[in-house]
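Shown below: data-v5.pdb, with PDB, C-alpha atoms.
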MODEL        1
ATOM      1  CA  MET A   1      -0.785  50.899 -26.462
ATOM      2  CA  ALA A   2      -0.860  47.724 -28.569
ATOM      3  CA  GLY A   3       1.384  47.660 -31.603
ATOM      4  CA  GLU A   4       0.004  47.911 -35.054
ATOM      5  CA  HIS A   5       1.451  44.485 -35.739
ATOM      6  CA  ASP A   6      -0.743  42.813 -33.111
ATOM      7  CA  PHE A   7      -3.766  44.712 -34.311
ATOM      8  CA  ASP A   8      -3.033  43.788 -37.935
ATOM      9  CA  THR A   9      -2.863  40.108 -37.084
ATOM     10  CA  ILE A  10      -6.111  40.253 -35.175
ATOM     11  CA  TYR A  11      -7.779  42.292 -37.881
ATOM     12  CA  ARG A  12      -6.574  39.991 -40.644
ATOM     13  CA  GLU A  13      -7.785  36.901 -38.796
ATOM     14  CA  HIS A  14     -11.149  38.181 -37.597
ATOM     15  CA  ALA A  15     -12.463  40.977 -39.838
ATOM     16  CA  ASP A  16     -14.346  38.586 -42.127
ATOM     17  CA  ARG A  17     -15.962  36.839 -39.201
ATOM     18  CA  LEU A  18     -17.064  40.108 -37.630
ATOM     19  CA  PHE A  19     -18.446  41.331 -40.944
ATOM     20  CA  ALA A  20     -20.475  38.128 -41.329
ATOM     21  CA  PHE A  21     -21.782  38.631 -37.805
ATOM     22  CA  GLY A  22     -22.609  42.269 -38.523
ATOM     23  CA  LEU A  23     -24.425  41.423 -41.719
ATOM     24  CA  LYS A  24     -26.603  38.863 -39.945
ATOM     25  CA  ILE A  25     -27.398  41.274 -37.120
ATOM     26  CA  CYS A  26     -27.855  44.495 -39.104
ATOM     27  CA  GLY A  27     -29.071  43.112 -42.420
ATOM     28  CA  HIS A  28     -27.280  45.801 -44.479
ATOM     29  CA  VAL A  29     -23.757  45.848 -45.886
ATOM     30  CA  GLU A  30     -22.993  49.445 -44.893
ATOM     31  CA  ASP A  31     -24.292  48.972 -41.352
ATOM     32  CA  ALA A  32     -22.212  45.809 -41.067
ATOM     33  CA  LYS A  33     -19.098  47.678 -42.242
ATOM     34  CA  ASP A  34     -19.775  50.398 -39.652
ATOM     35  CA  LEU A  35     -20.094  47.720 -37.000
ATOM     36  CA  VAL A  36     -16.771  46.161 -38.028
ATOM     37  CA  GLN A  37     -15.042  49.535 -37.979
ATOM     38  CA  GLU A  38     -16.383  50.519 -34.595
ATOM     39  CA  THR A  39     -15.665  47.086 -33.133
ATOM     40  CA  PHE A  40     -12.055  47.082 -34.254
ATOM     41  CA  PHE A  41     -11.560  50.682 -33.175
ATOM     42  CA  ASN A  42     -12.709  49.714 -29.673
ATOM     43  CA  ALA A  43     -10.599  46.566 -29.834
ATOM     44  CA  TYR A  44      -7.545  48.574 -30.854
ATOM     45  CA  ARG A  45      -7.967  50.880 -27.881
ATOM     46  CA  GLY A  46      -8.572  48.008 -25.470
ATOM     47  CA  LEU A  47      -5.968  45.580 -26.769
ATOM     48  CA  ASP A  48      -3.282  46.378 -24.222
ATOM     49  CA  ARG A  49      -5.760  45.596 -21.436
ATOM     50  CA  PHE A  50      -6.786  42.252 -22.962
ATOM     51  CA  ARG A  51      -5.288  39.490 -20.844
ATOM     52  CA  GLY A  52      -6.685  36.457 -22.669
ATOM     53  CA  GLU A  53      -9.488  35.841 -20.152
ATOM     54  CA  ALA A  54     -11.674  34.964 -23.133
ATOM     55  CA  LYS A  55     -10.799  33.659 -26.569
ATOM     56  CA  MET A  56     -10.097  36.451 -29.049
ATOM     57  CA  PRO A  57     -13.234  35.850 -31.174
ATOM     58  CA  THR A  58     -15.404  35.854 -28.032
ATOM     59  CA  TRP A  59     -13.820  39.121 -26.896
ATOM     60  CA  LEU A  60     -14.438  40.694 -30.294
ATOM     61  CA  TYR A  61     -18.031  39.468 -30.445
ATOM     62  CA  ALA A  62     -18.628  40.974 -26.997
ATOM     63  CA  ILE A  63     -17.381  44.340 -28.233
ATOM     64  CA  ALA A  64     -19.512  44.030 -31.375
ATOM     65  CA  ALA A  65     -22.621  43.078 -29.374
ATOM     66  CA  ARG A  66     -22.143  46.135 -27.133
ATOM     67  CA  VAL A  67     -21.788  48.313 -30.240
ATOM     68  CA  CYS A  68     -25.091  46.880 -31.572
ATOM     69  CA  ILE A  69     -26.910  47.451 -28.308
ATOM     70  CA  ARG A  70     -25.538  50.984 -27.970
ATOM     71  CA  LYS A  71     -26.583  51.859 -31.525
ATOM     72  CA  ARG A  72     -30.074  50.580 -30.845
ATOM     73  CA  ARG A  73     -30.387  52.648 -27.681
ATOM     74  CA  LYS A  74     -29.291  55.748 -29.603
ATOM     75  CA  LYS A  75     -31.984  55.137 -32.202
ATOM     76  CA  LYS A  76     -34.563  55.133 -29.397
ATOM     77  CA  ASP A  77     -36.639  52.528 -31.194
ATOM     78  CA  ALA A  78     -39.513  50.898 -29.386
ATOM     79  CA  PRO A  79     -38.219  48.321 -26.893
ATOM     80  CA  ASP A  80     -37.851  44.814 -28.264
ATOM     81  CA  ARG A  81     -40.884  42.703 -27.576
ATOM     82  CA  GLU A  82     -40.700  39.457 -25.642
ATOM     83  CA  LEU A  83     -41.535  36.244 -27.485
ATOM     84  CA  SER A  84     -43.774  33.798 -25.689
ATOM     85  CA  LEU A  85     -43.771  30.061 -26.342
ATOM     86  CA  GLU A  86     -47.547  30.137 -26.685
ATOM     87  CA  GLU A  87     -47.413  32.161 -29.902
ATOM     88  CA  PHE A  88     -45.528  29.313 -31.559
ATOM     89  CA  LEU A  89     -47.679  26.462 -30.332
ATOM     90  CA  PRO A  90     -48.772  24.344 -33.277
ATOM     91  CA  THR A  91     -52.484  23.717 -33.614
ATOM     92  CA  ASP A  92     -53.596  20.298 -34.763
ATOM     93  CA  GLU A  93     -55.123  21.603 -37.945
ATOM     94  CA  GLY A  94     -52.547  24.297 -38.643
ATOM     95  CA  GLU A  95     -49.560  22.041 -38.255
ATOM     96  CA  LEU A  96     -50.927  19.404 -40.570
ATOM     97  CA  ARG A  97     -51.393  22.032 -43.256
ATOM     98  CA  LEU A  98     -47.861  23.470 -43.042
ATOM     99  CA  GLN A  99     -45.180  21.873 -45.159
ATOM    100  CA  PRO A 100     -41.896  20.904 -43.549
ATOM    101  CA  ILE A 101     -39.326  23.489 -44.473
ATOM    102  CA  ALA A 102     -37.033  22.500 -47.351
ATOM    103  CA  ALA A 103     -36.809  18.887 -46.328
ATOM    104  CA  GLY A 104     -34.376  18.126 -49.163
ATOM    105  CA  PRO A 105     -31.178  16.243 -48.375
ATOM    106  CA  ASP A 106     -28.600  19.042 -48.581
ATOM    107  CA  PRO A 107     -28.977  22.301 -46.618
ATOM    108  CA  GLU A 108     -26.129  24.019 -48.485
ATOM    109  CA  GLN A 109     -27.886  23.267 -51.754
ATOM    110  CA  ALA A 110     -31.213  24.356 -50.313
ATOM    111  CA  LEU A 111     -29.663  27.715 -49.378
ATOM    112  CA  GLN A 112     -28.703  28.273 -53.032
ATOM    113  CA  ASN A 113     -32.408  28.827 -53.563
ATOM    114  CA  LYS A 114     -32.870  32.615 -53.474
ATOM    115  CA  GLU A 115     -36.428  32.364 -52.211
ATOM    116  CA  LEU A 116     -35.358  30.312 -49.220
ATOM    117  CA  LYS A 117     -32.295  32.463 -48.505
ATOM    118  CA  ASP A 118     -34.357  35.650 -48.699
ATOM    119  CA  ALA A 119     -36.999  34.116 -46.462
ATOM    120  CA  LEU A 120     -34.358  33.103 -43.916
ATOM    121  CA  ASP A 121     -32.776  36.588 -44.052
ATOM    122  CA  GLY A 122     -36.189  38.152 -43.560
ATOM    123  CA  ALA A 123     -37.034  35.884 -40.651
ATOM    124  CA  ILE A 124     -33.748  36.637 -38.867
ATOM    125  CA  GLN A 125     -34.108  40.388 -39.412
ATOM    126  CA  ALA A 126     -37.678  40.258 -38.107
ATOM    127  CA  LEU A 127     -36.508  38.723 -34.827
ATOM    128  CA  PRO A 128     -36.369  41.178 -31.928
ATOM    129  CA  ARG A 129     -32.722  42.125 -31.562
ATOM    130  CA  HIS A 130     -31.947  40.436 -28.245
ATOM    131  CA  TYR A 131     -33.200  37.129 -29.687
ATOM    132  CA  ARG A 132     -31.399  37.727 -32.971
ATOM    133  CA  LEU A 133     -28.081  38.218 -31.180
ATOM    134  CA  VAL A 134     -28.462  34.891 -29.372
ATOM    135  CA  LEU A 135     -29.516  32.975 -32.515
ATOM    136  CA  VAL A 136     -26.704  34.451 -34.611
ATOM    137  CA  LEU A 137     -24.011  33.927 -31.977
ATOM    138  CA  ARG A 138     -25.115  30.396 -31.078
ATOM    139  CA  ASP A 139     -26.433  28.813 -34.266
ATOM    140  CA  MET A 140     -24.689  30.855 -36.950
ATOM    141  CA  GLU A 141     -21.348  31.814 -35.411
ATOM    142  CA  GLY A 142     -21.126  28.543 -33.471
ATOM    143  CA  LEU A 143     -20.383  29.855 -30.001
ATOM    144  CA  SER A 144     -21.305  27.788 -26.957
ATOM    145  CA  ALA A 145     -24.210  28.788 -24.727
ATOM    146  CA  ARG A 146     -21.691  29.747 -22.047
ATOM    147  CA  GLU A 147     -19.788  32.008 -24.449
ATOM    148  CA  VAL A 148     -23.014  33.611 -25.632
ATOM    149  CA  GLY A 149     -23.992  34.151 -22.009
ATOM    150  CA  SER A 150     -20.710  35.873 -21.209
ATOM    151  CA  ILE A 151     -21.132  38.132 -24.244
ATOM    152  CA  MET A 152     -24.739  39.024 -23.504
ATOM    153  CA  GLY A 153     -24.554  39.102 -19.708
ATOM    154  CA  LEU A 154     -26.952  36.161 -19.388
ATOM    155  CA  ASN A 155     -26.795  32.826 -17.612
ATOM    156  CA  GLU A 156     -26.841  29.687 -19.760
ATOM    157  CA  ARG A 157     -30.453  28.936 -18.947
ATOM    158  CA  ALA A 158     -31.529  32.356 -20.221
ATOM    159  CA  VAL A 159     -29.450  31.884 -23.373
ATOM    160  CA  LYS A 160     -31.092  28.520 -24.074
ATOM    161  CA  SER A 161     -34.559  29.914 -23.410
ATOM    162  CA  ARG A 162     -34.019  32.825 -25.814
ATOM    163  CA  LEU A 163     -32.449  30.513 -28.378
ATOM    164  CA  HIS A 164     -35.455  28.191 -28.323
ATOM    165  CA  ARG A 165     -37.881  31.073 -28.865
ATOM    166  CA  ALA A 166     -35.702  32.521 -31.624
ATOM    167  CA  ARG A 167     -35.585  29.172 -33.438
ATOM    168  CA  LEU A 168     -39.356  28.767 -33.110
ATOM    169  CA  PHE A 169     -39.879  32.264 -34.489
ATOM    170  CA  VAL A 170     -37.684  31.623 -37.545
ATOM    171  CA  ARG A 171     -39.304  28.249 -38.143
ATOM    172  CA  GLN A 172     -42.756  29.785 -38.007
ATOM    173  CA  ARG A 173     -41.806  32.565 -40.423
ATOM    174  CA  LEU A 174     -40.344  30.085 -42.922
ATOM    175  CA  SER A 175     -43.421  27.878 -42.646
ATOM    176  CA  GLN A 176     -45.722  30.844 -43.205
ATOM    177  CA  LYS A 177     -43.795  31.650 -46.393
ATOM    178  CA  GLY A 178     -44.722  28.185 -47.618
ATOM    179  CA  ILE A 179     -41.139  27.136 -48.333
ATOM    180  CA  HIS A 180     -41.545  23.654 -49.740
ATOM    181  CA  ALA A 181     -39.597  20.447 -49.504
ATOM    182  CA  SER A 182     -38.356  20.381 -53.065
ATOM    183  CA  ALA A 183     -36.911  23.923 -53.200
ATOM    184  CA  ASP A 184     -34.890  23.920 -56.431
ATOM    185  CA  ALA A 185     -31.512  25.612 -56.759
TER     186      ALA A 185
ATOM    187  CA  MET B   1     -57.451  -2.945 -53.576
ATOM    188  CA  PRO B   2     -55.179  -1.286 -51.003
ATOM    189  CA  ARG B   3     -56.126   2.215 -49.933
ATOM    190  CA  PRO B   4     -53.739   4.895 -51.285
ATOM    191  CA  THR B   5     -51.485   6.432 -48.640
ATOM    192  CA  ARG B   6     -51.647  10.147 -48.039
ATOM    193  CA  SER B   7     -48.797  12.428 -47.007
ATOM    194  CA  LYS B   8     -48.712  13.491 -43.389
ATOM    195  CA  ALA B   9     -49.354  17.059 -44.475
ATOM    196  CA  VAL B  10     -52.871  16.297 -45.766
ATOM    197  CA  ARG B  11     -54.032  13.512 -43.498
ATOM    198  CA  SER B  12     -57.157  14.444 -41.578
ATOM    199  CA  PRO B  13     -56.722  15.252 -37.883
ATOM    200  CA  ARG B  14     -58.800  12.268 -36.852
ATOM    201  CA  ALA B  15     -56.537   9.879 -38.753
ATOM    202  CA  HIS B  16     -53.199  11.021 -37.265
ATOM    203  CA  ARG B  17     -51.434   9.030 -34.623
ATOM    204  CA  HIS B  18     -52.072  10.366 -31.186
ATOM    205  CA  ALA B  19     -51.570   7.180 -29.192
ATOM    206  CA  GLY B  20     -53.839   8.240 -26.329
ATOM    207  CA  HIS B  21     -51.637  11.061 -24.974
ATOM    208  CA  SER B  22     -52.792  14.525 -24.088
ATOM    209  CA  LYS B  23     -51.986  17.882 -25.616
ATOM    210  CA  ALA B  24     -50.204  18.714 -22.372
ATOM    211  CA  GLN B  25     -47.705  15.989 -23.220
ATOM    212  CA  CYS B  26     -47.163  17.565 -26.633
ATOM    213  CA  LEU B  27     -46.536  20.905 -24.933
ATOM    214  CA  LYS B  28     -44.018  19.333 -22.601
ATOM    215  CA  ILE B  29     -42.129  17.997 -25.604
ATOM    216  CA  PHE B  30     -42.488  21.313 -27.425
ATOM    217  CA  ARG B  31     -40.798  23.218 -24.614
ATOM    218  CA  ARG B  32     -37.781  20.916 -24.631
ATOM    219  CA  LEU B  33     -37.175  20.516 -28.346
ATOM    220  CA  SER B  34     -34.081  22.697 -28.481
ATOM    221  CA  LEU B  35     -32.502  20.881 -25.541
ATOM    222  CA  TYR B  36     -33.349  17.578 -27.254
ATOM    223  CA  LEU B  37     -31.837  18.652 -30.582
ATOM    224  CA  ASP B  38     -28.724  20.008 -28.890
ATOM    225  CA  GLY B  39     -28.138  16.781 -26.960
ATOM    226  CA  GLU B  40     -28.620  18.453 -23.600
ATOM    227  CA  LEU B  41     -31.256  16.195 -22.108
ATOM    228  CA  PRO B  42     -30.559  13.093 -20.033
ATOM    229  CA  ASP B  43     -31.118   9.718 -21.717
ATOM    230  CA  ASN B  44     -34.439   8.996 -20.026
ATOM    231  CA  ALA B  45     -35.869  12.348 -21.169
ATOM    232  CA  CYS B  46     -34.677  11.689 -24.739
ATOM    233  CA  GLU B  47     -36.302   8.261 -24.651
ATOM    234  CA  GLU B  48     -39.555   9.830 -23.441
ATOM    235  CA  ILE B  49     -39.465  12.243 -26.369
ATOM    236  CA  ARG B  50     -38.655   9.532 -28.903
ATOM    237  CA  LYS B  51     -41.573   7.437 -27.634
ATOM    238  CA  HIS B  52     -43.859  10.429 -27.885
ATOM    239  CA  LEU B  53     -42.752  11.217 -31.441
ATOM    240  CA  HIS B  54     -43.415   7.653 -32.459
ATOM    241  CA  GLY B  55     -47.022   8.093 -31.421
ATOM    242  CA  CYS B  56     -47.686  11.674 -32.536
ATOM    243  CA  ASP B  57     -47.769  12.897 -36.141
ATOM    244  CA  ASN B  58     -48.106  16.528 -35.077
ATOM    245  CA  CYS B  59     -44.927  16.503 -33.070
ATOM    246  CA  GLU B  60     -43.016  14.450 -35.597
ATOM    247  CA  VAL B  61     -43.848  16.877 -38.424
ATOM    248  CA  PHE B  62     -43.087  19.827 -36.202
ATOM    249  CA  LEU B  63     -39.740  18.431 -35.106
ATOM    250  CA  ALA B  64     -38.714  17.783 -38.736
ATOM    251  CA  SER B  65     -39.266  21.419 -39.692
ATOM    252  CA  PHE B  66     -37.753  22.692 -36.441
ATOM    253  CA  LYS B  67     -34.620  20.616 -36.957
ATOM    254  CA  ARG B  68     -34.387  21.768 -40.532
ATOM    255  CA  THR B  69     -34.642  25.405 -39.454
ATOM    256  CA  VAL B  70     -31.725  24.969 -37.065
ATOM    257  CA  VAL B  71     -29.635  23.230 -39.727
ATOM    258  CA  LEU B  72     -30.340  25.998 -42.244
ATOM    259  CA  CYS B  73     -29.245  28.635 -39.721
ATOM    260  CA  ARG B  74     -26.059  26.710 -39.020
ATOM    261  CA  LYS B  75     -25.223  26.325 -42.712
ATOM    262  CA  TYR B  76     -26.047  29.902 -43.638
ATOM    263  CA  GLN B  77     -23.114  31.728 -45.249
ATOM    264  CA  ALA B  78     -23.098  35.521 -45.254
ATOM    265  CA  LYS B  79     -21.725  37.587 -48.105
ATOM    266  CA  PRO B  80     -17.962  38.051 -47.625
ATOM    267  CA  LEU B  81     -16.210  41.366 -46.939
ATOM    268  CA  SER B  82     -14.498  42.588 -50.112
ATOM    269  CA  PRO B  83     -10.708  43.056 -49.951
ATOM    270  CA  THR B  84     -11.173  46.736 -50.828
ATOM    271  CA  ALA B  85     -13.644  47.288 -48.021
ATOM    272  CA  LYS B  86     -11.433  45.317 -45.643
ATOM    273  CA  GLY B  87      -8.509  47.597 -46.413
ATOM    274  CA  ALA B  88     -10.595  50.730 -46.158
ATOM    275  CA  ILE B  89     -11.972  49.757 -42.744
ATOM    276  CA  ARG B  90      -8.472  48.992 -41.448
ATOM    277  CA  ALA B  91      -7.253  52.389 -42.648
ATOM    278  CA  ALA B  92     -10.222  54.139 -41.060
ATOM    279  CA  VAL B  93      -9.661  52.386 -37.725
ATOM    280  CA  LEU B  94      -5.976  53.295 -37.626
ATOM    281  CA  LYS B  95      -6.693  56.859 -38.692
ATOM    282  CA  ALA B  96      -9.303  57.226 -35.958
ATOM    283  CA  ALA B  97      -6.810  55.787 -33.495
ATOM    284  CA  GLY B  98      -4.337  58.447 -34.578
ATOM    285  CA  ARG B  99      -1.793  56.023 -36.019
ATOM    286  CA  ARG B 100       0.044  56.106 -39.323
ATOM    287  CA  VAL B 101      -1.605  53.963 -41.950
ATOM    288  CA  GLY B 102       1.165  51.713 -43.266
ATOM    289  CA  LEU B 103       1.185  48.617 -45.375
ATOM    290  CA  SER B 104       0.556  45.472 -43.364
TER     291      SER B 104
ENDMDL
END

Let's see the structure in the file written out as structure tokens.
Amino acid sequence: MAGEHDFDTIYREHADRLFAFGLKICGHVEDAKDLVQETFFNAYRGLDRFRGEAKMPTWLYAIAARVCIRKRRKKKDAPDRELSLEEFLPTDEGELRLQPIAAGPDPEQALQNKELKDALDGAIQALPRHYRLVLVLRDMEGLSAREVGSIMGLNERAVKSRLHRARLFVRQRLSQKGIHASADA
Amino acid sequence: MPRPTRSKAVRSPRAHRHAGHSKAQCLKIFRRLSLYLDGELPDNACEEIRKHLHGCDNCEVFLASFKRTVVLCRKYQAKPLSPTAKGAIRAAVLKAAGRRVGLS
């Protein structure tokens, strides 16, 4: 069984990251804390079998993603719907009416705007979970498509396809909220 | 007197650049936007997209908001885990694992 010292190092280095991941996936602080706890419990039990085949963060994300998927199955919610490209196709007239989203110079500053941040949170939470996982892992946690694929059991092409649909979905939701170019802090 | 310019967002559909290409070409670009943004297309495909964007207001506006969406996702910072909660979770994990909860 892995020593507490190894676990403590891993926990100290990665708990914040896993919490951030959990918050983006679950949308609620308490659910994110539960995810962190369950992930690290599973990691603790599996640590002596970990041989470094993947980077530590990737290994932890894989455990966390399985926890998410298992929780969802237990809830017996309706299956996640598939997103089609067609539902995001811009129409000539529609696209010309929509404002570009927060086209100001500084995205960090733009995200200080509560309206935009809430809209982005809402859009991500509205994504069907298997698209949300890909978007969060790839665009928000910064993993490569290959790493995301190994976590989700998908090939790179499938990861990129889901990512594209997830991005289109979020973009459409933000546009529909009418988030404007000069969003003030 | 020069005619006043209008923003792309309010220009009438008939006035926007569409350089003689078909909607099918716009769709082809649309499907590959993520690959384009992520630098995963070969040079000739990128050049094809750039040429298309130069001649199509719709796609140019769309790409701007799409790119911005991706940047916002990448820059998003979640609320941090409080030190108290961090300690409590560690203790709970070790307790569940049947180990003594010591100071780290």

- Considering only C-alpha atoms, extract the chain B residues located within 8 Å of chain A and return them as a PyMOL selection string. chain B and resi 8-11+13+27+30-31+33-35+58+61-62+64-66+68-81+85-86+89-90+92-94+96-97+104

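One finds CA of Glu13 (chain A) at 20.2 Å from CA of Ile25 (chain A).
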
- One decimal, Å: what's the distance from CA of Arg157 (chain A) over to CA of Asp57 (chain B), could you say? 29.2 Å

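Residue nearest Leu137 (chain A) within the list A:Arg51, A:Arg173, A:Arg70, A:Arg162: A:Arg162 [criterion: smallest interatomic distance, all atoms listed in the file].
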
- Task: Rounded to one decimal place, report the CA of Ala158 (chain A)-CA of Lys23 (chain B) distance in Å.
- Result: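 Computing the Euclidean distance for CA of Ala158 (chain A) and CA of Lys23 (chain B) yields 25.6 Å.
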
- Item | Residues within 12 Å of Cys46 (chain B), only C-alpha atoms, excluding chain neighbours under 2 positions, as an NGL selection string | :B and (29 or 32-44 or 48-53)

- Item | Counting only C-alpha atoms, the option among A:Arg81, A:Arg146, A:His130, A:Lys177 closest to Ala65 (chain A) | A:His130

- Task: May I ask which of the residues B:Ser82, B:Leu63, B:Lys95, B:Gly87 is the closest one to Cys26 (chain B), counting all atoms listed in the file?
- Result: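 Looking only at the distances to Cys26 (chain B), the closest residue turns out to be B:Leu63.
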